[in-house]
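The structure file query03.txt is reproduced below (compact mmCIF, C-alpha atoms and all ligand atoms).
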# COMPACT_ATOMS: atom_id res chain seq x y z
CA MET A 205 12.05 -14.38 23.14
CA ARG A 206 9.44 -15.81 25.42
CA SER A 207 6.40 -17.95 24.74
CA THR A 208 3.17 -16.52 26.10
CA LYS A 209 0.82 -19.25 24.90
CA LYS A 210 -1.67 -20.13 27.60
CA PRO A 211 -2.33 -23.87 28.13
CA GLY A 212 -5.39 -25.03 26.19
CA CYS A 213 -5.61 -21.77 24.23
CA LYS A 214 -6.12 -22.05 20.45
CA CYS A 215 -4.51 -18.67 19.95
CA VAL A 216 -1.36 -18.28 17.89
CA GLU A 217 1.83 -18.48 19.90
CA LEU A 218 3.38 -15.08 20.55
CA LYS A 219 7.13 -14.85 20.04
CA LEU A 220 7.53 -12.07 22.51
CA SER A 221 5.41 -10.72 25.25
CA LEU A 222 3.64 -7.68 23.84
CA SER A 223 2.58 -6.74 27.35
CA ASP A 224 6.27 -6.06 28.11
CA LEU A 225 6.21 -3.20 25.60
CA PRO A 226 5.66 0.24 27.13
CA HIS A 227 2.09 1.15 27.99
CA PRO A 228 0.47 4.43 27.10
CA SER A 229 0.48 6.84 30.03
CA ASP A 230 -2.65 6.84 32.19
CA LYS A 231 -2.61 10.61 32.03
CA ARG A 232 -3.88 11.88 28.67
CA ILE A 233 -2.17 14.90 27.18
CA ALA A 234 -4.44 17.93 26.70
CA LEU A 235 -3.87 19.97 23.53
CA ARG A 236 -5.16 23.17 22.00
CA VAL A 237 -4.56 23.67 18.31
CA ALA A 238 -4.63 26.61 15.90
CA ALA A 239 -7.98 27.45 14.27
CA PRO A 240 -7.21 25.95 10.82
CA ALA A 241 -6.14 22.66 12.47
CA GLU A 242 -9.32 22.69 14.56
CA ARG A 243 -11.38 23.15 11.40
CA ALA A 244 -9.49 20.35 9.67
CA ILE A 245 -10.14 17.98 12.59
CA ARG A 246 -13.86 18.82 12.50
CA GLN A 247 -13.88 18.01 8.78
CA GLY A 248 -12.35 14.62 9.53
CA HIS A 249 -8.69 15.21 8.70
CA PRO A 250 -6.61 12.63 10.61
CA TRP A 251 -3.37 14.59 11.18
CA VAL A 252 -2.28 17.42 13.47
CA PHE A 253 1.18 18.80 12.72
CA ASP A 254 3.60 19.97 15.42
CA GLN A 255 3.36 23.64 14.33
CA SER A 256 -0.43 23.60 14.81
CA ILE A 257 -0.20 22.88 18.52
CA ILE A 258 -0.55 26.09 20.56
CA GLU A 259 -0.94 24.66 24.05
CA GLN A 260 0.06 21.34 25.59
CA SER A 261 -0.54 20.15 29.18
CA HIS A 262 2.65 18.08 29.51
CA SER A 263 5.17 16.23 27.38
CA GLY A 264 4.54 12.65 26.36
CA MET A 265 5.98 9.50 24.85
CA PRO A 266 5.11 7.88 21.50
CA GLY A 267 1.72 6.22 21.82
CA ASP A 268 0.37 8.32 24.66
CA LEU A 269 -3.18 9.42 24.04
CA ALA A 270 -3.80 13.13 23.58
CA VAL A 271 -7.10 14.95 23.65
CA VAL A 272 -7.70 18.08 21.59
CA PHE A 273 -9.99 20.65 23.18
CA ASP A 274 -11.61 23.38 21.11
CA ALA A 275 -11.66 27.12 21.77
CA LYS A 276 -14.61 26.61 24.17
CA ARG A 277 -12.61 23.92 26.02
CA GLN A 278 -14.95 21.22 24.73
CA PHE A 279 -13.68 17.78 23.67
CA LEU A 280 -12.85 17.74 19.98
CA ALA A 281 -10.88 14.57 19.34
CA VAL A 282 -8.57 11.95 20.80
CA GLY A 283 -5.53 10.58 19.04
CA LEU A 284 -2.10 8.97 19.16
CA TYR A 285 0.70 11.30 20.17
CA ASP A 286 4.17 10.95 18.64
CA PRO A 287 6.83 13.48 19.75
CA THR A 288 9.29 12.07 17.17
CA SER A 289 7.11 12.86 14.16
CA PRO A 290 6.10 16.17 12.55
CA ILE A 291 2.63 14.59 12.43
CA ARG A 292 2.40 15.05 16.17
CA LEU A 293 -1.09 13.63 16.58
CA ARG A 294 -3.00 11.06 14.56
CA ILE A 295 -6.72 11.29 15.24
CA LEU A 296 -8.49 8.12 16.30
CA GLN A 297 -11.88 9.55 17.18
CA LYS A 298 -13.55 12.92 16.97
CA GLY A 299 -16.82 14.26 18.39
CA LYS A 300 -17.17 12.17 21.51
CA PRO A 301 -14.66 10.73 24.00
CA ALA A 302 -13.81 7.03 23.91
CA SER A 303 -11.70 4.47 25.73
CA ILE A 304 -9.03 3.41 23.26
CA ASP A 305 -8.70 -0.29 24.04
CA SER A 306 -8.95 -3.65 22.33
CA ASN A 307 -12.74 -3.28 22.08
CA TRP A 308 -12.36 0.01 20.30
CA PHE A 309 -9.83 -1.53 17.87
CA LYS A 310 -12.13 -4.51 17.37
CA GLN A 311 -14.92 -2.23 16.16
CA LYS A 312 -12.63 -0.51 13.67
CA ILE A 313 -11.30 -3.83 12.37
CA ASN A 314 -14.83 -5.21 12.07
CA THR A 315 -15.87 -2.22 9.96
CA ALA A 316 -12.86 -2.80 7.72
CA ILE A 317 -13.69 -6.51 7.39
CA LEU A 318 -17.25 -5.70 6.26
CA LEU A 319 -15.98 -3.33 3.58
CA ARG A 320 -13.83 -6.12 2.12
CA GLU A 321 -16.59 -8.72 2.11
CA PRO A 322 -16.97 -8.70 -1.73
CA LEU A 323 -13.38 -9.97 -2.13
CA LYS A 324 -14.42 -13.35 -0.72
CA LYS A 325 -16.39 -14.06 -3.88
CA GLN A 326 -13.33 -13.35 -6.02
CA ASP A 327 -11.06 -16.25 -5.01
CA THR A 328 -8.80 -13.68 -3.35
CA ASN A 329 -7.07 -14.18 0.00
CA GLY A 330 -4.37 -11.54 -0.41
CA TYR A 331 -5.66 -8.06 0.31
CA ARG A 332 -5.26 -5.01 2.52
CA LEU A 333 -7.27 -5.45 5.69
CA ILE A 334 -6.42 -2.09 7.28
CA HIS A 335 -5.46 0.86 5.12
CA GLY A 336 -4.24 3.24 7.82
CA GLU A 337 -5.99 6.60 8.13
CA ASN A 338 -8.56 5.53 5.57
CA ASP A 339 -9.80 2.76 7.85
CA GLY A 340 -9.66 4.97 10.94
CA LEU A 341 -6.34 3.58 12.21
CA PRO A 342 -3.81 6.24 11.17
CA GLY A 343 -0.27 5.05 10.54
CA LEU A 344 -1.20 1.37 10.68
CA VAL A 345 -1.41 -1.02 7.74
CA ILE A 346 -2.39 -4.67 7.97
CA ASP A 347 -2.22 -6.90 4.90
CA ARG A 348 -3.46 -10.46 4.72
CA TYR A 349 -1.69 -13.13 2.66
CA ALA A 350 -3.76 -16.29 3.14
CA GLU A 351 -3.26 -17.21 6.82
CA THR A 352 -0.52 -14.65 7.45
CA LEU A 353 -1.10 -11.10 8.59
CA VAL A 354 1.58 -8.50 8.02
CA ILE A 355 1.30 -5.45 10.26
CA LYS A 356 3.22 -2.38 9.14
CA LEU A 357 3.79 0.60 11.41
CA TYR A 358 4.34 4.12 10.13
CA THR A 359 4.52 5.70 13.60
CA LEU A 360 6.11 4.62 16.88
CA ALA A 361 2.81 5.52 18.53
CA TRP A 362 1.42 2.07 17.71
CA ILE A 363 4.00 0.19 19.77
CA PRO A 364 2.29 0.67 23.17
CA HIS A 365 -1.03 -0.39 21.56
CA LEU A 366 0.24 -3.53 19.81
CA GLN A 367 -1.04 -5.78 22.57
CA ASP A 368 -4.59 -4.41 22.21
CA VAL A 369 -4.47 -4.55 18.41
CA TYR A 370 -3.23 -8.14 18.63
CA SER A 371 -6.07 -9.15 21.00
CA ALA A 372 -8.64 -7.48 18.75
CA LEU A 373 -7.28 -9.22 15.65
CA GLU A 374 -7.29 -12.61 17.33
CA GLU A 375 -10.97 -12.22 18.12
CA VAL A 376 -12.28 -10.97 14.81
CA GLN A 377 -9.73 -11.91 12.15
CA PRO A 378 -8.11 -15.29 12.94
CA PHE A 379 -4.62 -15.84 11.54
CA GLU A 380 -1.78 -18.31 11.88
CA ARG A 381 1.12 -15.91 11.77
CA LEU A 382 1.73 -12.23 12.40
CA ILE A 383 4.74 -10.49 10.86
CA LEU A 384 5.88 -6.99 11.77
CA ARG A 385 7.16 -4.48 9.24
CA LEU A 386 8.48 -1.05 10.11
CA SER A 387 8.55 1.94 7.80
CA ARG A 388 11.95 3.23 6.76
CA SER A 389 11.80 6.18 9.15
CA LEU A 390 10.82 3.98 12.11
CA ASN A 391 13.71 1.64 11.45
CA LYS A 392 16.09 4.45 12.34
CA GLN A 393 14.51 4.99 15.78
CA SER A 394 16.06 1.99 17.58
CA LYS A 395 15.88 3.77 20.93
CA TYR A 396 12.08 3.61 20.84
CA LEU A 397 11.64 0.19 19.25
CA HIS A 398 12.04 -1.89 22.44
CA GLY A 399 13.57 -4.83 20.60
CA LEU A 400 11.05 -4.84 17.73
CA THR A 401 12.72 -5.28 14.36
CA ASP A 402 11.59 -4.99 10.76
CA GLY A 403 10.47 -8.37 9.42
CA MET A 404 10.28 -10.16 12.77
CA THR A 405 7.61 -12.75 13.35
CA LEU A 406 5.46 -11.53 16.22
CA ALA A 407 3.29 -14.62 16.46
CA GLY A 408 3.18 -18.11 14.93
CA GLN A 409 5.94 -19.86 12.99
CA THR A 410 8.53 -17.83 11.10
CA PRO A 411 7.90 -18.73 7.43
CA GLU A 412 10.45 -21.20 6.04
CA SER A 413 9.82 -20.13 2.48
CA LEU A 414 7.89 -17.55 0.54
CA LEU A 415 4.17 -17.30 1.19
CA LEU A 416 1.63 -18.27 -1.44
CA PHE A 417 -1.72 -16.53 -1.73
CA LYS A 418 -4.51 -16.06 -4.28
CA GLU A 419 -5.62 -13.00 -6.16
CA ASN A 420 -8.61 -13.44 -8.47
CA GLY A 421 -7.83 -17.13 -8.81
CA LEU A 422 -4.15 -16.59 -9.68
CA THR A 423 -1.45 -17.83 -7.30
CA PHE A 424 1.30 -15.43 -6.28
CA GLU A 425 4.18 -15.70 -3.89
CA CYS A 426 5.30 -12.92 -1.64
CA ASP A 427 8.19 -12.26 0.67
CA PRO A 428 6.60 -10.43 3.61
CA ILE A 429 9.94 -10.12 5.39
CA ASN A 430 12.14 -8.55 2.70
CA GLY A 431 9.72 -7.62 -0.08
CA GLN A 432 8.70 -4.08 -1.05
CA LYS A 433 5.70 -2.68 0.87
CA THR A 434 4.50 -5.79 2.76
CA GLY A 435 5.64 -8.12 -0.04
CA PHE A 436 3.21 -7.39 -2.88
CA PHE A 437 1.53 -4.41 -4.54
CA LEU A 438 -2.00 -5.32 -3.51
CA ASP A 439 -3.30 -1.91 -4.61
CA GLN A 440 -3.15 -2.79 -8.31
CA ARG A 441 -5.45 -5.83 -8.13
CA GLU A 442 -8.42 -4.16 -9.86
CA ASN A 443 -6.24 -2.61 -12.58
CA ARG A 444 -4.66 -6.02 -13.20
CA GLU A 445 -8.15 -7.49 -13.61
CA ARG A 446 -8.90 -4.76 -16.19
CA VAL A 447 -5.72 -5.71 -18.07
CA LYS A 448 -6.83 -9.34 -18.05
CA ARG A 449 -10.12 -8.36 -19.73
CA ILE A 450 -8.38 -6.65 -22.68
CA SER A 451 -5.50 -9.06 -23.25
CA LYS A 452 -6.97 -11.86 -25.38
CA GLY A 453 -4.65 -12.62 -28.30
CA LYS A 454 -2.45 -9.57 -27.57
CA SER A 455 1.24 -8.93 -27.12
CA VAL A 456 1.77 -7.18 -23.78
CA LEU A 457 4.72 -5.23 -22.42
CA ASN A 458 4.71 -4.87 -18.62
CA VAL A 459 7.24 -2.23 -17.58
CA PHE A 460 8.23 -1.93 -13.88
CA SER A 461 6.83 -5.42 -13.49
CA TYR A 462 8.12 -6.22 -9.95
CA THR A 463 6.97 -9.83 -9.34
CA GLY A 464 4.88 -10.02 -12.51
CA GLY A 465 1.40 -9.18 -11.23
CA PHE A 466 0.16 -7.54 -14.43
CA SER A 467 2.03 -10.12 -16.54
CA LEU A 468 0.20 -13.08 -15.05
CA TYR A 469 -3.21 -11.42 -15.40
CA ALA A 470 -2.46 -10.58 -19.05
CA ALA A 471 -1.49 -14.20 -19.72
CA ASP A 472 -4.55 -15.49 -17.88
CA GLY A 473 -6.66 -13.21 -20.06
CA GLY A 474 -5.25 -14.93 -23.16
CA ALA A 475 -2.29 -12.74 -24.12
CA LYS A 476 -0.09 -14.59 -26.59
CA GLU A 477 3.14 -12.89 -25.58
CA VAL A 478 4.06 -11.15 -22.31
CA VAL A 479 7.33 -9.27 -21.74
CA SER A 480 8.17 -8.13 -18.18
CA VAL A 481 10.79 -5.46 -17.47
CA ASP A 482 12.24 -4.59 -14.06
CA PHE A 483 15.79 -3.71 -13.04
CA SER A 484 15.62 -5.84 -9.91
CA GLY A 485 17.07 -9.36 -10.23
CA PRO A 486 15.09 -10.78 -7.28
CA ALA A 487 11.88 -9.30 -8.76
CA THR A 488 12.56 -11.03 -12.09
CA GLU A 489 13.24 -14.33 -10.31
CA ALA A 490 9.95 -13.97 -8.43
CA THR A 491 8.16 -13.27 -11.74
CA LEU A 492 9.54 -16.52 -13.17
CA ARG A 493 8.36 -18.45 -10.10
CA ASN A 494 4.94 -16.79 -10.26
CA ILE A 495 4.63 -17.96 -13.87
CA GLU A 496 5.39 -21.51 -12.67
CA HIS A 497 2.81 -21.25 -9.88
CA ASN A 498 0.15 -20.67 -12.54
CA LYS A 499 1.24 -23.06 -15.31
CA HIS A 500 -1.78 -25.25 -14.58
CA LEU A 501 -3.99 -22.54 -16.09
CA PRO A 502 -4.37 -23.22 -19.85
CA ASN A 503 -3.92 -19.59 -20.95
CA VAL A 504 -0.83 -19.14 -18.79
CA SER A 505 0.73 -22.32 -20.07
CA ALA A 506 -0.01 -21.28 -23.69
CA ALA A 507 1.51 -17.79 -23.36
CA THR A 508 5.11 -16.96 -24.27
CA PHE A 509 6.93 -15.11 -21.49
CA GLU A 510 10.11 -13.07 -21.58
CA THR A 511 11.70 -11.28 -18.63
CA ILE A 512 14.25 -8.48 -18.98
CA THR A 513 16.28 -7.36 -15.95
CA LYS A 514 17.41 -3.89 -16.93
CA ASP A 515 16.66 -0.20 -16.60
CA ALA A 516 13.19 0.44 -18.04
CA PHE A 517 14.11 3.66 -19.83
CA GLU A 518 16.99 1.91 -21.61
CA VAL A 519 14.88 -1.09 -22.55
CA LEU A 520 12.16 1.10 -24.04
CA SER A 521 14.70 3.06 -26.09
CA GLU A 522 16.29 -0.15 -27.38
CA MET A 523 12.92 -1.64 -28.28
CA LYS A 524 12.10 1.53 -30.22
CA GLU A 525 15.38 1.23 -32.11
CA HIS A 526 14.59 -2.36 -33.01
CA ARG A 527 10.98 -1.42 -33.88
CA ARG A 528 9.66 -3.93 -31.43
CA LEU A 529 5.97 -3.06 -30.95
CA PHE A 530 3.21 -4.30 -28.62
CA ASP A 531 -0.59 -4.26 -28.53
CA ILE A 532 -0.66 -3.22 -24.85
CA VAL A 533 2.00 -1.30 -22.90
CA ILE A 534 1.74 -1.10 -19.10
CA LEU A 535 3.79 1.52 -17.24
CA ASP A 536 3.59 1.25 -13.43
CA PRO A 537 6.70 3.03 -12.11
CA PRO A 538 7.70 3.53 -8.48
CA MET A 539 6.83 6.75 -6.66
CA PHE A 540 8.54 9.63 -8.47
CA ALA A 541 7.83 12.47 -5.99
CA GLN A 542 8.71 12.04 -2.31
CA ASN A 543 7.92 15.66 -1.50
CA GLN A 544 6.36 18.78 -2.98
CA SER A 545 9.62 20.04 -4.47
CA GLN A 546 9.86 16.94 -6.67
CA VAL A 547 6.43 17.22 -8.26
CA GLU A 548 7.60 19.00 -11.44
CA THR A 549 10.43 16.50 -11.97
CA ALA A 550 7.96 13.66 -11.43
CA LEU A 551 5.54 15.09 -13.99
CA SER A 552 8.32 15.40 -16.53
CA ALA A 553 9.34 11.77 -15.84
CA TYR A 554 5.71 10.69 -16.43
CA ARG A 555 5.67 12.63 -19.72
CA ARG A 556 8.93 11.02 -20.79
CA LEU A 557 7.59 7.58 -19.96
CA THR A 558 4.39 8.19 -21.93
CA LYS A 559 6.48 9.13 -24.94
CA LEU A 560 8.72 6.06 -24.56
CA GLY A 561 5.69 3.80 -24.03
CA LEU A 562 3.99 5.13 -27.16
CA ASP A 563 7.18 4.54 -29.15
CA VAL A 564 6.68 0.80 -28.63
CA LEU A 565 2.87 0.73 -28.88
CA LYS A 566 1.25 -0.38 -32.14
CA PRO A 567 -1.23 1.99 -33.81
CA GLY A 568 -4.59 1.34 -32.13
CA GLY A 569 -2.84 -0.24 -29.14
CA ILE A 570 -3.70 0.38 -25.49
CA LEU A 571 -1.53 2.36 -23.08
CA VAL A 572 -1.98 1.63 -19.37
CA GLN A 573 -0.08 4.19 -17.32
CA ALA A 574 -0.20 4.47 -13.52
CA SER A 575 1.13 6.84 -10.87
CA CYS A 576 1.50 6.08 -7.18
CA SER A 577 2.94 9.48 -6.20
CA SER A 578 0.46 11.02 -3.75
CA ARG A 579 2.12 14.43 -4.24
CA VAL A 580 1.11 14.36 -7.90
CA ASP A 581 -2.64 14.95 -8.06
CA ALA A 582 -4.78 12.99 -10.49
CA ALA A 583 -5.64 15.95 -12.75
CA SER A 584 -1.96 16.92 -13.23
CA PHE A 585 -0.98 13.32 -13.92
CA PHE A 586 -3.69 12.69 -16.53
CA ASP A 587 -2.95 16.06 -18.10
CA ALA A 588 0.78 15.23 -18.32
CA VAL A 589 0.10 11.90 -20.04
CA HIS A 590 -2.33 13.48 -22.53
CA ARG A 591 -0.02 16.39 -23.25
CA SER A 592 2.92 14.10 -23.95
CA ALA A 593 0.83 11.87 -26.22
CA LYS A 594 -0.36 14.91 -28.19
CA GLU A 595 3.21 16.16 -28.55
CA ALA A 596 4.13 12.73 -29.88
CA GLY A 597 1.39 13.12 -32.50
CA ARG A 598 -0.73 10.36 -30.95
CA PRO A 599 -3.58 12.00 -29.00
CA LEU A 600 -5.07 9.42 -26.67
CA ARG A 601 -8.68 8.28 -26.62
CA GLU A 602 -9.49 7.46 -23.01
CA LEU A 603 -11.07 4.17 -22.11
CA GLU A 604 -11.00 4.61 -18.36
CA ARG A 605 -9.45 6.55 -15.49
CA THR A 606 -9.17 4.45 -12.37
CA GLY A 607 -8.17 5.00 -8.77
CA HIS A 608 -8.11 2.97 -5.61
CA ALA A 609 -9.16 -0.65 -5.17
CA LEU A 610 -11.90 -1.55 -2.70
CA ASP A 611 -9.43 -2.56 0.01
CA HIS A 612 -7.52 0.73 -0.35
CA PRO A 613 -10.28 3.21 0.48
CA VAL A 614 -9.56 6.96 0.48
CA THR A 615 -11.01 9.25 3.14
CA PHE A 616 -8.73 12.27 3.03
CA LYS A 617 -6.90 14.23 0.34
CA GLU A 618 -3.37 12.99 1.09
CA GLY A 619 -4.67 9.41 1.12
CA ALA A 620 -5.36 9.47 -2.64
CA TYR A 621 -2.20 8.33 -4.37
CA LEU A 622 -3.05 5.80 -7.06
CA LYS A 623 -4.32 6.81 -10.47
CA CYS A 624 -4.22 4.93 -13.74
CA LEU A 625 -5.17 5.71 -17.31
CA PHE A 626 -6.34 3.17 -19.88
CA ALA A 627 -6.29 4.74 -23.32
CA ILE A 628 -6.11 3.89 -27.02
CA ALA A 629 -3.36 5.50 -29.08
CA PRO A 630 -3.94 6.07 -32.80
N1 LIG A 701 3.68 -3.18 -11.34
C1 LIG A 701 4.15 -3.83 -10.14
C2 LIG A 701 4.61 -2.86 -9.09
C3 LIG A 701 5.68 -1.93 -9.56
S1 LIG A 701 6.61 -1.24 -8.27
C4 LIG A 701 3.08 -4.75 -9.58
O1 LIG A 701 1.96 -4.76 -10.10
O2 LIG A 701 3.37 -5.47 -8.63
C5 LIG A 701 7.89 -0.49 -9.13
C6 LIG A 701 8.94 -1.44 -9.67
O3 LIG A 701 9.78 -0.67 -10.52
C7 LIG A 701 9.85 -2.10 -8.65
O4 LIG A 701 9.81 -3.48 -8.81
C8 LIG A 701 11.28 -1.59 -9.00
O5 LIG A 701 12.26 -2.60 -8.89
C9 LIG A 701 11.10 -1.18 -10.44
N2 LIG A 701 11.97 -0.10 -10.93
C10 LIG A 701 12.20 1.11 -10.35
N3 LIG A 701 12.97 1.89 -11.16
C11 LIG A 701 13.21 1.15 -12.28
C12 LIG A 701 13.92 1.38 -13.49
N4 LIG A 701 14.52 2.56 -13.71
N5 LIG A 701 13.96 0.42 -14.41
C13 LIG A 701 13.34 -0.77 -14.20
N6 LIG A 701 12.65 -1.05 -13.08
C14 LIG A 701 12.58 -0.11 -12.13
Can you dump the structure from the file as structure tokens?
Ligand code: SAH
Amino acid sequence: MRSTKKPGCKCVELKLSLSDLPHPSDKRIALRVAAPAERAIRQGHPWVFDQSIIEQSHSGMPGDLAVVFDAKRQFLAVGLYDPTSPIRLRILQKGKPASIDSNWFKQKINTAILLREPLKKQDTNGYRLIHGENDGLPGLVIDRYAETLVIKLYTLAWIPHLQDVYSALEEVQPFERLILRLSRSLNKQSKYLHGLTDGMTLAGQTPESLLLFKENGLTFECDPINGQKTGFFLDQRENRERVKRISKGKSVLNVFSYTGGFSLYAADGGAKEVVSVDFSGPATEATLRNIEHNKHLPNVSAATFETITKDAFEVLSEMKEHRRLFDIVILDPPMFAQNQSQVETALSAYRRLTKLGLDVLKPGGILVQASCSSRVDAASFFDAVHRSAKEAGRPLRELERTGHALDHPVTFKEGAYLKCLFAIAP
């Protein structure tokens, strides 16, 4: 590790020299793609799959820039090439050519910052700053937790551009620490990682303990190095706020609670009793600490909390047996479908969960059920929940169907993954 801090510079100290990482080739790859892929690019789709490429000027390395030319040999788009991924090209810009450099990244980041402006008024300093494709930077996620930025790569193609992204961030989005996370598939590609590792601190001090940040005035901790995603499920912030608004005086069951996000909002909204269920021990421990972090809030200190570290399906069945009922039941399971072949199984798991959730929901209570499986489209998910409720003899009256939070915009079909139903059960 080498320090690259320049004397007198206020910038955050880099732990390794990003300029030592490979650089994109000076020679851009020229591509021709099949007609449907060309149409998709024109319509703004950010991916070109390997099978869609019909002509390629020369081979390239991850992160090289490739230009797609149309049937008339006119410029169509420029993107990041990755020979190790079936998504061979991720489009950065279409329509007119551009130099892809720190200035270009700065413009994209500035646009993303503007979109998130309203969060400032909400006492929130934990949010998604860059939501990959949906913010025009495909395969790149950047989350902010107070003064820490966590950058997560979903393609090796970002590695040669990290230096430029870093310079752009420093200019427009000051931070004290930058942590790198790598997707599961990238972690297996050690040959192309050039010494980068999942969880390493790229710049600033390595955190000595868990980070604290604020979401709608509540304090949460997160573990950006080992935690799921980048340490917290930032995408549920707006749904948590909705739960807060309906929780006054209620008993709330939060199933798949992770670090207790929904639980704390429910308590802050005046819930009298909050039960959190997750089979992960570390998640339960984090929930207990998050409760402590918010004990200064009168409603949180007045609420009764219980945490159960056990399989959710078992817990729900046991609660049914013991006739333990709640006013609000929240079901926010992990992704059930990783690929198209698992969609039917996922839908049947959602139906089963609805049934189990209703078994412990009081008459007139509210069911909050979410899905984060992008393979399961919203219509099929809502239909599955309704169908299961009807079969259980408790047809739901919908209060609201919700989707993505402001900092998780959606600009293409595959980018829409989160859906959530708020409904009253008779
Ligand atoms: N609602 C959470 C995010 C949930 S992520 C939030 O707002 O932050 C999904 C969680 O489900 C993870 O914490 C995982 O540990 C837990 N989980 C997955 N399968 C489970 C099971 N069968 N029983 C209990 N918990 C489970």
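Here the question is which of A:Leu366, A:Ala407, A:Asp531, A:Tyr396 gets nearest to Gly453 (chain A) using all atoms listed in the file, and that residue is A:Asp531.
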I'd like the contact shell of Ser289 (chain A) - 12 Å cut-off, all atoms listed in the file, skipping same-chain residues fewer than 2 positions apart - returned as a PyMOL selection string. chain A and resi 251-255+265-267+284-287+291-294+343+358-361+389-390+393
Output C-alpha atoms of each residue in that selection to a file, as a PDB file, keeping the file's coordinate frame.
ATOM      1  CA  TRP A 251      -3.370  14.590  11.180  1.00  0.00           C
ATOM      2  CA  VAL A 252      -2.280  17.420  13.470  1.00  0.00           C
ATOM      3  CA  PHE A 253       1.180  18.800  12.720  1.00  0.00           C
ATOM      4  CA  ASP A 254       3.600  19.970  15.420  1.00  0.00           C
ATOM      5  CA  GLN A 255       3.360  23.640  14.330  1.00  0.00           C
ATOM      6  CA  MET A 265       5.980   9.500  24.850  1.00  0.00           C
ATOM      7  CA  PRO A 266       5.110   7.880  21.500  1.00  0.00           C
ATOM      8  CA  GLY A 267       1.720   6.220  21.820  1.00  0.00           C
ATOM      9  CA  LEU A 284      -2.100   8.970  19.160  1.00  0.00           C
ATOM     10  CA  TYR A 285       0.700  11.300  20.170  1.00  0.00           C
ATOM     11  CA  ASP A 286       4.170  10.950  18.640  1.00  0.00           C
ATOM     12  CA  PRO A 287       6.830  13.480  19.750  1.00  0.00           C
ATOM     13  CA  ILE A 291       2.630  14.590  12.430  1.00  0.00           C
ATOM     14  CA  ARG A 292       2.400  15.050  16.170  1.00  0.00           C
ATOM     15  CA  LEU A 293      -1.090  13.630  16.580  1.00  0.00           C
ATOM     16  CA  ARG A 294      -3.000  11.060  14.560  1.00  0.00           C
ATOM     17  CA  GLY A 343      -0.270   5.050  10.540  1.00  0.00           C
ATOM     18  CA  TYR A 358       4.340   4.120  10.130  1.00  0.00           C
ATOM     19  CA  THR A 359       4.520   5.700  13.600  1.00  0.00           C
ATOM     20  CA  LEU A 360       6.110   4.620  16.880  1.00  0.00           C
ATOM     21  CA  ALA A 361       2.810   5.520  18.530  1.00  0.00           C
ATOM     22  CA  SER A 389      11.800   6.180   9.150  1.00  0.00           C
ATOM     23  CA  LEU A 390      10.820   3.980  12.110  1.00  0.00           C
ATOM     24  CA  GLN A 393      14.510   4.990  15.780  1.00  0.00           C
TER      25      GLN A 393
END
What do you get as an MDAnalysis selection string if you pick all residues at most 8 Å from ligand LIG 701 (chain A), counting all atoms listed in the file? chainID A and resid 432 436:438 440:441 444 458:466 481:484 487 513:518 535:539
Rounded to one decimal in Å, what is the spacing between CA of Val456 (chain A) and CA of Phe626 (chain A)?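 Atom-to-atom, CA of Val456 (chain A) and CA of Phe626 (chain A) are spaced 13.7 Å apart.
From CA of Leu571 (chain A) back to CA of Ser451 (chain A), the distance works out to 12.1 Å.
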Between CA of Leu622 (chain A) and CA of Ser455 (chain A), what is the distance in Å, rounded to a tenth? 25.3 Å
For Ser578 (chain A), which residue out of A:Gln542, A:Asn443, A:Gln260, A:Ser480 is the nearest one, using only C-alpha atoms?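 The closest residue to Ser578 (chain A) is A:Gln542.
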Just want the 9 Å neighbourhood of Gly435 (chain A), counted on all atoms listed in the file, with same-chain residues fewer than 6 positions away dropped. Output as a list of chain:residue names.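 Selected residues are A:Glu425, A:Cys426, A:Asp427, A:Pro428, A:Ile429.
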Padded axis-aligned box of region 337-346 of chain A (6 Å per side), centre and edge lengths, Å, one decimal, as lines of an AutoDock Vina configuration file:
center_x = -5.0
center_y = 1.0
center_z = 8.9
size_x = 21.5
size_y = 23.3
size_z = 18.6
Under the rule that all atoms listed in the file are counted, which of A:Pro250, A:Gly299, A:Gly473, A:Gly408 is the nearest residue to Arg446 (chain A)?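 Between A:Pro250, A:Gly299, A:Gly473, A:Gly408, the residue approaching Arg446 (chain A) most closely is A:Gly473.
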If you count only C-alpha atoms, which residues fall within 7 Å of region 308-321 of chain A, apart from same-chain ones fewer than 5 positions away, as a PyMOL selection string? chain A and resi 333-334+339-340+369+372-373+376+610-611
Kindly save the residues from that selection, with C-alpha atoms included, as an mmCIF file, in the coordinates of the input.
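Saved result, out.cif, follows:
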data_model
loop_
_atom_site.group_PDB
_atom_site.id
_atom_site.type_symbol
_atom_site.label_atom_id
_atom_site.label_comp_id
_atom_site.auth_asym_id
_atom_site.auth_seq_id
_atom_site.Cartn_x
_atom_site.Cartn_y
_atom_site.Cartn_z
ATOM 1 C CA LEU A 333 -7.270 -5.450 5.690
ATOM 2 C CA ILE A 334 -6.420 -2.090 7.280
ATOM 3 C CA ASP A 339 -9.800 2.760 7.850
ATOM 4 C CA GLY A 340 -9.660 4.970 10.940
ATOM 5 C CA VAL A 369 -4.470 -4.550 18.410
ATOM 6 C CA ALA A 372 -8.640 -7.480 18.750
ATOM 7 C CA LEU A 373 -7.280 -9.220 15.650
ATOM 8 C CA VAL A 376 -12.280 -10.970 14.810
ATOM 9 C CA LEU A 610 -11.900 -1.550 -2.700
ATOM 10 C CA ASP A 611 -9.430 -2.560 0.010
#
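Using all atoms listed in the file, the contacts of Ile257 (chain A) at a cut-off of 8 Å, with sequence neighbours closer than 5 positions omitted, comprise Leu235, Arg236, Val237, Ala238 and Val252 of chain A.
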